file query_2.cif (mmCIF, C-alpha atoms, pLDDT in the B column; chains and numbers go by the auth columns)
data_start
loop_
_atom_site.group_PDB
_atom_site.id
_atom_site.type_symbol
_atom_site.label_atom_id
_atom_site.label_comp_id
_atom_site.label_asym_id
_atom_site.label_seq_id
_atom_site.Cartn_x
_atom_site.Cartn_y
_atom_site.Cartn_z
_atom_site.B_iso_or_equiv
_atom_site.auth_seq_id
_atom_site.auth_asym_id
ATOM 1 C CA MET A 1 100.575 78.980 81.991 57.00 1 A
ATOM 2 C CA PRO A 2 99.338 82.418 83.109 64.00 2 A
ATOM 3 C CA ILE A 3 101.946 84.825 84.449 64.00 3 A
ATOM 4 C CA VAL A 4 100.061 85.223 87.747 60.00 4 A
ATOM 5 C CA ALA A 5 100.696 81.578 88.571 65.00 5 A
ATOM 6 C CA GLU A 6 104.459 82.186 88.484 79.00 6 A
ATOM 7 C CA ILE A 7 104.342 84.985 91.099 79.00 7 A
ATOM 8 C CA GLY A 8 104.629 83.847 94.713 84.00 8 A
ATOM 9 C CA THR A 9 101.789 84.498 97.127 87.00 9 A
ATOM 10 C CA GLU A 10 103.944 86.672 99.388 91.00 10 A
ATOM 11 C CA TYR A 11 104.749 89.005 96.478 91.00 11 A
ATOM 12 C CA LEU A 12 101.061 89.400 95.699 90.00 12 A
ATOM 13 C CA LEU A 13 100.301 90.132 99.361 94.00 13 A
ATOM 14 C CA PHE A 14 103.140 92.659 99.708 92.00 14 A
ATOM 15 C CA GLY A 15 102.103 94.303 96.444 93.00 15 A
ATOM 16 C CA ALA A 16 98.500 94.556 97.614 95.00 16 A
ATOM 17 C CA ALA A 17 99.631 96.014 100.953 94.00 17 A
ATOM 18 C CA GLY A 18 101.769 98.579 99.147 92.00 18 A
ATOM 19 C CA LEU A 19 98.899 99.536 96.861 96.00 19 A
ATOM 20 C CA ILE A 20 96.519 99.900 99.816 96.00 20 A
ATOM 21 C CA SER A 21 99.108 102.043 101.614 92.00 21 A
ATOM 22 C CA LEU A 22 99.518 104.346 98.609 93.00 22 A
ATOM 23 C CA VAL A 23 95.751 104.703 98.222 96.00 23 A
ATOM 24 C CA ALA A 24 95.442 105.500 101.946 94.00 24 A
ATOM 25 C CA PHE A 25 98.232 108.081 101.660 93.00 25 A
ATOM 26 C CA ALA A 26 96.555 109.700 98.682 93.00 26 A
ATOM 27 C CA ALA A 27 93.116 109.723 100.297 95.00 27 A
ATOM 28 C CA LEU A 28 94.101 110.740 103.819 93.00 28 A
ATOM 29 C CA ILE A 29 97.086 113.053 103.293 91.00 29 A
ATOM 30 C CA LEU A 30 97.498 114.151 99.687 92.00 30 A
ATOM 31 C CA VAL A 31 93.910 115.000 98.698 94.00 31 A
ATOM 32 C CA PRO A 32 93.147 117.115 101.804 93.00 32 A
ATOM 33 C CA ALA A 33 96.474 118.927 101.416 92.00 33 A
ATOM 34 C CA ILE A 34 95.741 119.783 97.775 92.00 34 A
ATOM 35 C CA GLY A 35 92.135 120.736 98.518 93.00 35 A
ATOM 36 C CA SER A 36 93.189 123.209 101.195 93.00 36 A
ATOM 37 C CA PHE A 37 94.728 125.612 98.701 93.00 37 A
ATOM 38 C CA SER A 38 93.436 127.471 95.660 93.00 38 A
ATOM 39 C CA ARG A 39 96.557 128.673 93.842 95.00 39 A
ATOM 40 C CA THR A 40 98.530 126.319 91.650 94.00 40 A
ATOM 41 C CA TRP A 41 101.875 127.016 93.324 95.00 41 A
ATOM 42 C CA GLU A 42 100.312 126.384 96.741 95.00 42 A
ATOM 43 C CA LYS A 43 98.951 123.051 95.555 94.00 43 A
ATOM 44 C CA ALA A 44 102.345 122.101 94.092 94.00 44 A
ATOM 45 C CA THR A 45 104.011 122.990 97.384 95.00 45 A
ATOM 46 C CA ALA A 46 101.438 120.922 99.274 94.00 46 A
ATOM 47 C CA VAL A 47 102.254 117.943 97.047 94.00 47 A
ATOM 48 C CA ILE A 48 105.992 118.338 97.709 95.00 48 A
ATOM 49 C CA VAL A 49 105.484 118.624 101.465 94.00 49 A
ATOM 50 C CA SER A 50 103.167 115.599 101.371 93.00 50 A
ATOM 51 C CA LEU A 51 105.864 113.612 99.585 93.00 51 A
ATOM 52 C CA PHE A 52 108.277 114.574 102.376 94.00 52 A
ATOM 53 C CA VAL A 53 105.714 113.207 104.845 89.00 53 A
ATOM 54 C CA LEU A 54 105.516 109.979 102.818 91.00 54 A
ATOM 55 C CA LEU A 55 109.308 109.643 102.816 94.00 55 A
ATOM 56 C CA ALA A 56 109.411 110.262 106.569 94.00 56 A
ATOM 57 C CA LEU A 57 106.784 107.563 107.164 89.00 57 A
ATOM 58 C CA LEU A 58 108.696 105.135 104.948 92.00 58 A
ATOM 59 C CA GLY A 59 111.929 105.940 106.794 96.00 59 A
ATOM 60 C CA VAL A 60 110.330 105.287 110.176 96.00 60 A
ATOM 61 C CA GLY A 61 108.900 102.003 108.895 93.00 61 A
ATOM 62 C CA VAL A 62 112.247 100.873 107.509 95.00 62 A
ATOM 63 C CA ALA A 63 114.012 101.839 110.748 97.00 63 A
ATOM 64 C CA ILE A 64 111.501 99.867 112.825 96.00 64 A
ATOM 65 C CA GLY A 65 111.860 96.889 110.463 94.00 65 A
ATOM 66 C CA ILE A 66 115.654 96.968 110.702 97.00 66 A
ATOM 67 C CA GLY A 67 115.407 97.185 114.476 95.00 67 A
ATOM 68 C CA ILE A 68 113.110 94.175 114.623 94.00 68 A
ATOM 69 C CA VAL A 69 115.383 92.118 112.371 95.00 69 A
ATOM 70 C CA TYR A 70 118.530 93.137 114.270 96.00 70 A
ATOM 71 C CA TYR A 71 117.066 92.434 117.737 94.00 71 A
ATOM 72 C CA TRP A 72 114.930 89.423 116.745 93.00 72 A
ATOM 73 C CA ASP A 73 116.711 87.022 119.116 93.00 73 A
ATOM 74 C CA ASP A 74 116.219 89.401 122.039 91.00 74 A
ATOM 75 C CA ILE A 75 112.562 89.918 121.128 90.00 75 A
ATOM 76 C CA THR A 76 111.858 86.185 121.003 91.00 76 A
ATOM 77 C CA HIS A 77 113.581 85.664 124.367 92.00 77 A
ATOM 78 C CA LEU A 78 111.569 88.531 125.832 89.00 78 A
ATOM 79 C CA PHE A 79 108.320 86.748 124.953 88.00 79 A
ATOM 80 C CA GLY A 80 109.483 83.340 126.177 82.00 80 A
ATOM 81 C CA GLY A 81 110.814 81.970 122.895 70.00 81 A
#
call {"tool": "encode", "arguments": {"input": "query_2.cif", "output": "structure tokens"}}
result
Amino acid sequence: MPIVAEIGTEYLLFGAAGLISLVAFAALILVPAIGSFSRTWEKATAVIVSLFVLLALLGVGVAIGIGIVYYWDDITHLFGG
């Protein structure tokens, strides 16, 4: 039996979403930040600052997710559930 058959569909979907998110981050934030500078130390600093941006975006996403899980009953009642 192939190993792919043992992985659940939701794990494949979440993995694909994570990969797409990392590619989007690299293409839309990291590459322009690196291309804006010519010196090596400037490029290294741009990478570090871009990683801070990535961590901030992940933190906001986790905070929103925790908020949705915590207030799920209130959210469903708000929409007539």
call {"tool": "residues_near_point", "arguments": {"input": "query_2.cif", "point": "(101.8, 110.6, 100.5)", "cutoff": "9 Å", "atoms": "only C-alpha atoms", "output": "number ranges by chain"}}
result
A: 22-30, 47, 49-55, 57
call {"tool": "atom_distance", "arguments": {"input": "query_2.cif", "atom1": "atom CA of Tyr11 of chain A", "atom2": "atom CA of Tyr70 of chain A"}}
result
22.9 Å
call {"tool": "atom_distance", "arguments": {"input": "query_2.cif", "atom1": "atom CA of Ser21 of chain A", "atom2": "atom CA of Glu6 of chain A"}}
result
24.4 Å
call {"tool": "atom_distance", "arguments": {"input": "query_2.cif", "atom1": "atom CA of Gly61 of chain A", "atom2": "atom CA of Ala44 of chain A"}}
result
25.8 Å
call {"tool": "axis_aligned_box", "arguments": {"input": "query_2.cif", "around": "segment 36-53 of chain A", "padding_each_side": "6 Å", "output": "JSON"}}
result
{"center_x": 100.7, "center_y": 120.9, "center_z": 98.2, "size_x": 27.1, "size_y": 27.5, "size_z": 25.2}
call {"tool": "closest_residue", "arguments": {"input": "query_2.cif", "among": "A:Asp73, A:Ile66, A:Leu58, A:Leu78", "to": "Gly18 of chain A", "atoms": "only C-alpha atoms"}}
result
A:Leu58
call {"tool": "decode", "arguments": {"input": "query_2.cif", "residues": "segment 3-38 of chain A", "atoms": "N, CA and C atoms", "output": "mmCIF file, in the first residue's frame"}}
result
data_model
loop_
_atom_site.group_PDB
_atom_site.id
_atom_site.type_symbol
_atom_site.label_atom_id
_atom_site.label_comp_id
_atom_site.auth_asym_id
_atom_site.auth_seq_id
_atom_site.Cartn_x
_atom_site.Cartn_y
_atom_site.Cartn_z
ATOM 1 N N ILE A 3 2.270 4.996 0.674
ATOM 2 C CA ILE A 3 2.217 5.791 1.903
ATOM 3 C C ILE A 3 1.217 6.938 1.784
ATOM 4 N N VAL A 4 0.939 7.404 0.583
ATOM 5 C CA VAL A 4 -0.015 8.499 0.391
ATOM 6 C C VAL A 4 -1.416 8.055 0.784
ATOM 7 N N ALA A 5 -1.730 6.801 0.598
ATOM 8 C CA ALA A 5 -3.063 6.310 0.929
ATOM 9 C C ALA A 5 -3.312 6.314 2.433
ATOM 10 N N GLU A 6 -2.270 6.312 3.247
ATOM 11 C CA GLU A 6 -2.425 6.298 4.688
ATOM 12 C C GLU A 6 -2.607 7.701 5.279
ATOM 13 N N ILE A 7 -2.318 8.743 4.500
ATOM 14 C CA ILE A 7 -2.452 10.119 4.980
ATOM 15 C C ILE A 7 -3.877 10.584 4.709
ATOM 16 N N GLY A 8 -4.498 11.191 5.737
ATOM 17 C CA GLY A 8 -5.863 11.680 5.584
ATOM 18 C C GLY A 8 -5.943 12.853 4.619
ATOM 19 N N THR A 9 -7.104 13.017 4.023
ATOM 20 C CA THR A 9 -7.317 14.079 3.045
ATOM 21 C C THR A 9 -7.102 15.454 3.655
ATOM 22 N N GLU A 10 -7.556 15.641 4.907
ATOM 23 C CA GLU A 10 -7.409 16.963 5.526
ATOM 24 C C GLU A 10 -5.942 17.332 5.720
ATOM 25 N N TYR A 11 -5.079 16.347 5.986
ATOM 26 C CA TYR A 11 -3.657 16.635 6.138
ATOM 27 C C TYR A 11 -3.035 17.048 4.806
ATOM 28 N N LEU A 12 -3.467 16.404 3.735
ATOM 29 C CA LEU A 12 -2.977 16.794 2.413
ATOM 30 C C LEU A 12 -3.430 18.208 2.060
ATOM 31 N N LEU A 13 -4.690 18.536 2.377
ATOM 32 C CA LEU A 13 -5.201 19.870 2.073
ATOM 33 C C LEU A 13 -4.499 20.941 2.906
ATOM 34 N N PHE A 14 -4.311 20.686 4.206
ATOM 35 C CA PHE A 14 -3.620 21.655 5.053
ATOM 36 C C PHE A 14 -2.159 21.804 4.639
ATOM 37 N N GLY A 15 -1.530 20.717 4.252
ATOM 38 C CA GLY A 15 -0.155 20.780 3.765
ATOM 39 C C GLY A 15 -0.042 21.584 2.481
ATOM 40 N N ALA A 16 -0.993 21.371 1.573
ATOM 41 C CA ALA A 16 -0.998 22.133 0.320
ATOM 42 C C ALA A 16 -1.244 23.616 0.589
ATOM 43 N N ALA A 17 -2.150 23.922 1.516
ATOM 44 C CA ALA A 17 -2.412 25.324 1.860
ATOM 45 C C ALA A 17 -1.185 25.979 2.481
ATOM 46 N N GLY A 18 -0.483 25.239 3.338
ATOM 47 C CA GLY A 18 0.745 25.767 3.923
ATOM 48 C C GLY A 18 1.823 26.008 2.883
ATOM 49 N N LEU A 19 1.955 25.083 1.945
ATOM 50 C CA LEU A 19 2.948 25.239 0.882
ATOM 51 C C LEU A 19 2.616 26.439 -0.002
ATOM 52 N N ILE A 20 1.340 26.593 -0.355
ATOM 53 C CA ILE A 20 0.923 27.742 -1.159
ATOM 54 C C ILE A 20 1.177 29.044 -0.414
ATOM 55 N N SER A 21 0.928 29.047 0.898
ATOM 56 C CA SER A 21 1.167 30.247 1.704
ATOM 57 C C SER A 21 2.644 30.604 1.751
ATOM 58 N N LEU A 22 3.509 29.604 1.904
ATOM 59 C CA LEU A 22 4.952 29.875 1.914
ATOM 60 C C LEU A 22 5.448 30.373 0.559
ATOM 61 N N VAL A 23 4.927 29.815 -0.511
ATOM 62 C CA VAL A 23 5.316 30.277 -1.852
ATOM 63 C C VAL A 23 4.842 31.716 -2.059
ATOM 64 N N ALA A 24 3.615 32.027 -1.606
ATOM 65 C CA ALA A 24 3.109 33.394 -1.734
ATOM 66 C C ALA A 24 3.952 34.361 -0.907
ATOM 67 N N PHE A 25 4.330 33.957 0.308
ATOM 68 C CA PHE A 25 5.189 34.799 1.135
ATOM 69 C C PHE A 25 6.516 35.059 0.440
ATOM 70 N N ALA A 26 7.111 34.011 -0.088
ATOM 71 C CA ALA A 26 8.400 34.166 -0.760
ATOM 72 C C ALA A 26 8.274 35.066 -1.990
ATOM 73 N N ALA A 27 7.224 34.875 -2.764
ATOM 74 C CA ALA A 27 7.082 35.632 -4.009
ATOM 75 C C ALA A 27 6.649 37.073 -3.774
ATOM 76 N N LEU A 28 5.800 37.310 -2.788
ATOM 77 C CA LEU A 28 5.229 38.637 -2.616
ATOM 78 C C LEU A 28 5.935 39.496 -1.577
ATOM 79 N N ILE A 29 6.654 38.892 -0.649
ATOM 80 C CA ILE A 29 7.311 39.665 0.409
ATOM 81 C C ILE A 29 8.822 39.485 0.369
ATOM 82 N N LEU A 30 9.288 38.257 0.353
ATOM 83 C CA LEU A 30 10.720 38.005 0.498
ATOM 84 C C LEU A 30 11.530 38.428 -0.730
ATOM 85 N N VAL A 31 11.107 38.029 -1.911
ATOM 86 C CA VAL A 31 11.867 38.345 -3.128
ATOM 87 C C VAL A 31 11.951 39.851 -3.387
ATOM 88 N N PRO A 32 10.851 40.607 -3.281
ATOM 89 C CA PRO A 32 10.988 42.063 -3.460
ATOM 90 C C PRO A 32 11.869 42.717 -2.392
ATOM 91 N N ALA A 33 11.810 42.209 -1.166
ATOM 92 C CA ALA A 33 12.644 42.779 -0.107
ATOM 93 C C ALA A 33 14.125 42.541 -0.391
ATOM 94 N N ILE A 34 14.466 41.350 -0.847
ATOM 95 C CA ILE A 34 15.865 41.040 -1.170
ATOM 96 C C ILE A 34 16.319 41.816 -2.405
ATOM 97 N N GLY A 35 15.451 41.924 -3.388
ATOM 98 C CA GLY A 35 15.810 42.620 -4.629
ATOM 99 C C GLY A 35 15.969 44.120 -4.477
ATOM 100 N N SER A 36 15.491 44.677 -3.385
ATOM 101 C CA SER A 36 15.567 46.120 -3.183
ATOM 102 C C SER A 36 16.950 46.584 -2.747
ATOM 103 N N PHE A 37 17.794 45.672 -2.348
ATOM 104 C CA PHE A 37 19.093 46.045 -1.795
ATOM 105 C C PHE A 37 20.216 45.398 -2.593
ATOM 106 N N SER A 38 21.402 46.033 -2.535
ATOM 107 C CA SER A 38 22.529 45.504 -3.303
ATOM 108 C C SER A 38 23.608 44.880 -2.414
#
